[in-house]
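Trainee: Here it is, the structure in full.
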Amino acid sequence: MKLVLFGNKSTTKLLLEHLIQKNYKPHTLVTLDSKLLKKSNIAGAEDSLIDFALENKINVFKPNSYGLSNKKDLNFFLQNNFDIGLCTGWQRLIPEEILKSVNNGIFGWHGSGFEFPNGRGRSPINWSIRIGLRSIFHNCFQYSAGVDDGMIFDTKEIEIKKNDYIQEVISKAITHIKDSAINLLEDISKNNLVLKEQCNHAFLSFPKLTEKDGLLDQSMSSQYAFNVVRSCSRPFPGAFVIDQNNVKIRIWSMKLCEKKISDKKLMPFVYFKNNVIFLRFKDGLFCSEDYEKSQ
């Protein structure tokens, strides 16, 4: 089985390690070179991917464009006649011509707090935490020309605990990625692949979250502010506040100090005491020792 793997992130390397361990070593890894990787500003990017692939005698294809829109990129896939593609940590749509060039299609994963067709779009796990949902529906599905509208191979509901940060939810999702990838490859090898179509309903989709969407404001409720911090913590850029001296401070985690503030005038939004930062929101006070000031 001639397998091609797409990806640029730490999740890609974890899947690659698992595939090798399970004797499904990819023929080719498609990943960005260091220059394009840096330019693309990918959260959780993995610098060691290329070296790791080459050490394991896996071919590496470094495309000319992240969107695989260059003619040389298309010709590479047309010439290679891959049997199956897997994709994780690749944040661009793959052109339809490339999708059609892979015999059994290209499969990836998408998880959000809403069942397909709802929850399509960008930053779905981040959004699910941000709006306070308690689980995600994590899908292994076949890519199509549309956005997250391909046929589904497997779905697993994954719990989001009330204090889970994004990295903890991603870790649970990675377990499903590993398991479903092997199940998918085994079904294809046995000529036993079964897919189901998504409902053709109107749907809700998520817009992309950017670094600026991590800004915390004292007008926020304490629960919403906590969700924002959890949703964009490592490996993402992190939530942040701007202090009285116009210094940006990244907040990687925080905890509730008290539920009510009796007199809001006694305390600014941001203040420090004994190297602990305190943040006063409209209905609660949070504190953190896990923060850093931007230079």
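Letters for chains follow the order of the structure tokens (A, B, ...), residue numbers begin at 1 for each chain, and ligand numbers begin at 1 in the order shown.
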Show me, as a list of chain:residue names, the residues that have an atom within 12 Å of region 54-57 of chain A when counting only C-alpha atoms, minus same-chain residues fewer than 2 positions from it.
Mentor: A:Leu16, A:Glu17, A:Leu19, A:Ile20, A:Gln21, A:Lys25, A:Pro26, A:His27, A:Thr28, A:Leu29, A:Ser48, A:Leu49, A:Ile50, A:Asp51, A:Phe52, A:Asn59, A:Val60, A:Phe61
Trainee: Would you give me, as a ChimeraX atom specification, the residues in region 67-260 of chain A that DSSP reads as helix (DSSP H, G or I)?
Mentor: /A:71-80,96-101,124-130,166-189,211-214,222-231
Trainee: Of the residues A:Pro237, A:Gly119, A:Gly105, A:Gly132, which is the one nearest to Gly150 (chain A), using only C-alpha atoms?
Mentor: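 The answer is A:Gly105, which sits nearest to Gly150 (chain A).
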Trainee: Please report the interatomic distance between CA of Asp217 (chain A) and CA of Cys287 (chain A) in Å with one decimal.
Mentor: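 Separation between CA of Asp217 (chain A) and CA of Cys287 (chain A): 14.5 Å.
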Trainee: Skipping near chain neighbours, those fewer than 6 positions away, what residues fall within 12 Å of Glu186 (chain A) using only C-alpha atoms, listed as a PyMOL selection string?
Mentor: chain A and resi 1+19+22-24+84+179-180+192-194
Trainee: To one decimal place, how far is CA of Asn227 (chain A) from CA of Asp148 (chain A) in Å?
Mentor: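 Answer for the CA of Asn227 (chain A) to CA of Asp148 (chain A) separation: 25.0 Å.
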Trainee: Could you list, as a list of chain:residue names, every residue within 8 Å of Val147 (chain A), counting only C-alpha atoms and ignoring same-chain residues fewer than 6 positions away?
Mentor: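 Within the cut-off, the hits are A:Leu93, A:Arg120, A:Gly121.
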Trainee: The selected residues should be written to file as a short mmCIF file (atom, residue, chain, number, x, y, z; two decimals), in the first residue's frame (atoms: all heavy atoms).
Mentor:
```cif
data_model
loop_
_atom_site.label_atom_id
_atom_site.label_comp_id
_atom_site.auth_asym_id
_atom_site.auth_seq_id
_atom_site.Cartn_x
_atom_site.Cartn_y
_atom_site.Cartn_z
N LEU A 93 -6.94 23.56 2.38
CA LEU A 93 -7.68 22.64 1.53
C LEU A 93 -6.75 22.05 0.48
O LEU A 93 -5.86 22.73 -0.03
CB LEU A 93 -8.83 23.37 0.83
CG LEU A 93 -9.98 23.87 1.71
CD1 LEU A 93 -10.98 24.64 0.86
CD2 LEU A 93 -10.66 22.71 2.42
N ARG A 120 -18.29 22.63 11.12
CA ARG A 120 -17.25 22.73 10.09
C ARG A 120 -16.49 24.05 10.27
O ARG A 120 -16.90 24.93 11.01
CB ARG A 120 -17.87 22.68 8.70
CG ARG A 120 -18.56 21.36 8.35
CD ARG A 120 -19.32 21.48 7.04
NE ARG A 120 -20.00 20.23 6.69
CZ ARG A 120 -20.88 20.12 5.70
NH1 ARG A 120 -21.18 21.19 4.97
NH2 ARG A 120 -21.47 18.97 5.44
N GLY A 121 -15.37 24.16 9.54
CA GLY A 121 -14.66 25.43 9.58
C GLY A 121 -13.35 25.36 10.33
O GLY A 121 -12.77 24.29 10.54
#
```
